[in-house]
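Inspection log for the structure reproduced underneath, given as structure tokens.
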Amino acid sequence: MNHPKAPDILISEVGPRDGLQSVKAVMSSAHKFAWIDALFASGLREIEVASFVPAKLLPQMADAADVVRHALTLPGLTVMALVPNLRGAQAALAAGVHKITLPVSASQSHSLANVRQSREDMVKAVRAIVQYRNEVAPHVRIEAGISTAFGCTLQGEVPEDDVVWLSASVVEAGVDELGLSDTTGMANPAQVRRLFQKVRAEIGERTGAAHMHNTRGLGLANCLAAYDVGVRTFDSSLAGLGGCPYAPGASGNVVTEDLVFMFEAMGISTGVDIARLIHARQALQQGLPGEPLYGMTPQAGLPQNWRPAS
């Protein structure tokens, strides 16, 4: 029996979490279900569908458990959720997620603003979450996302040695993988190559995803720089929706449509059907009427005689 070849890279869609928590409007559960279905139909096989946080802080995520339960009906989809603390992890695991993401900030100022804990306290929290996971759901993977790894609008420069230290600390605490996030859109390609190489030298193959923002127009260039040094998982958001609400000036996740087009045009397969991906924008627009949608590829269209790698 011939099995389909696995894609060369993994595109991890974060729009239903990172995107929706950054807009003022609240998308209905039914519209979230339809949007996630459309993303899945395009070939995306890892989607961060929600974050488990108090509804009074992020009303956009009040239906997180319902969204997870719907996403679990899609065969072959890795259902992810972000959790900031043990209580959130308990709720996410109870809902049945396949993978949880923990935001751990390299910037002390951002850590206090985002999760109201110091970096050192977040490492302790990671250890407690890992221990709980090991007891109740050992099959669930845990990813730490090192936010503000490339700079912070609150603190300014974030020393690379701090990022390496924090990466080693959370890996020692037991996470399965660790990604680097350009939360405030400050990164440049040379910096991306250098920092991913430093972190990989410290923690090895647990080095995971690149989560880049397009705040200054360098999102795709930074993703390509990360690919050049061995990164094979990339976070992105349909139509570029998103940005951290606790990092002033943060905006613009990398546009999934443009990211898929770039890699496919280079002969690097993503497993995503770009025409269906662009079609998924309709479901997003129906759920958030009037919200600006970004992306160059959907506007320009595909070139003549387009032949994707997939």
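Letters for chains follow the order of the structure tokens (A, B, ...), residue numbers begin at 1 for each chain, and ligand numbers begin at 1 in the order shown.
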**Message:** Using only C-alpha atoms, which protein or nucleic acid residues come within 7 Å of His98 of chain A? Drop anything in the same chain fewer than 2 positions from it, and give the result as a VMD selection string.
**Reply:** chain A and resid 78 to 80 96 140 to 141
**Request:** Run DSSP on the backbone and give me the residues of segment 218-270 of chain A it puts in helix (DSSP H, G or I), as a PyMOL selection string.
**Result:** chain A and resi 219-228+238-240+256-265
**Request:** Please run DSSP on the backbone and report, as a VMD selection string, all residues within segment 50-212 of chain A that come out as strand (DSSP E).
**Result:** chain A and resid 50 to 51 78 to 82 99 to 105 141 to 147 177 to 181 207 to 211
**Complete:** From the list A:Ile268, A:Val53, A:Leu112, A:Cys152, the nearest residue to Ala91 of chain A using only C-alpha atoms is A:Val53
**Message:** So, with only C-alpha atoms as the atoms that count, which of A:Glu135, A:Ala25, A:Val164, A:Val170 lies closest to Asp121 of chain A?
**Reply:**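 Ranking A:Glu135, A:Ala25, A:Val164, A:Val170 by distance to Asp121 of chain A, first place goes to A:Val170.
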**Asked** For Leu74 of chain A, which of A:Ala38, A:Leu58, A:Ala113, A:Leu86 is the closest residue, counting only C-alpha atoms?
**Response**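 Among A:Ala38, A:Leu58, A:Ala113, A:Leu86, it is A:Ala38 that comes nearest to Leu74 of chain A.
Checking A:Val171, A:Ala137, A:Leu284, A:Val192 one by one against Lys32 of chain A, counting only C-alpha atoms, you find the shortest gap at A:Leu284.
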Within 7 Å of segment 220-227 of chain A, which residues of segment 161-200 of chain A come that close, and what is the closest atom pair and distance in Å for each? Count only C-alpha atoms and give it as a tab-separated table.
```
residue	atom	partner	partner_atom	distance
A:Asn188	CA	A:Asn222	CA	6.2
A:Pro189	CA	A:Asn222	CA	4.8
A:Val192	CA	A:Ala226	CA	6.1
A:Arg193	CA	A:Ala225	CA	5.7
```
**Item:** Nearest candidate to Arg17 of chain A (options A:Pro289, A:Gly204, A:Gly242, A:Gly271; using only C-alpha atoms)
**Value:** A:Gly242
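The two atoms in question, atom CA of Met296 of chain A and atom CA of Val231 of chain A, are spaced 23.7 Å apart.
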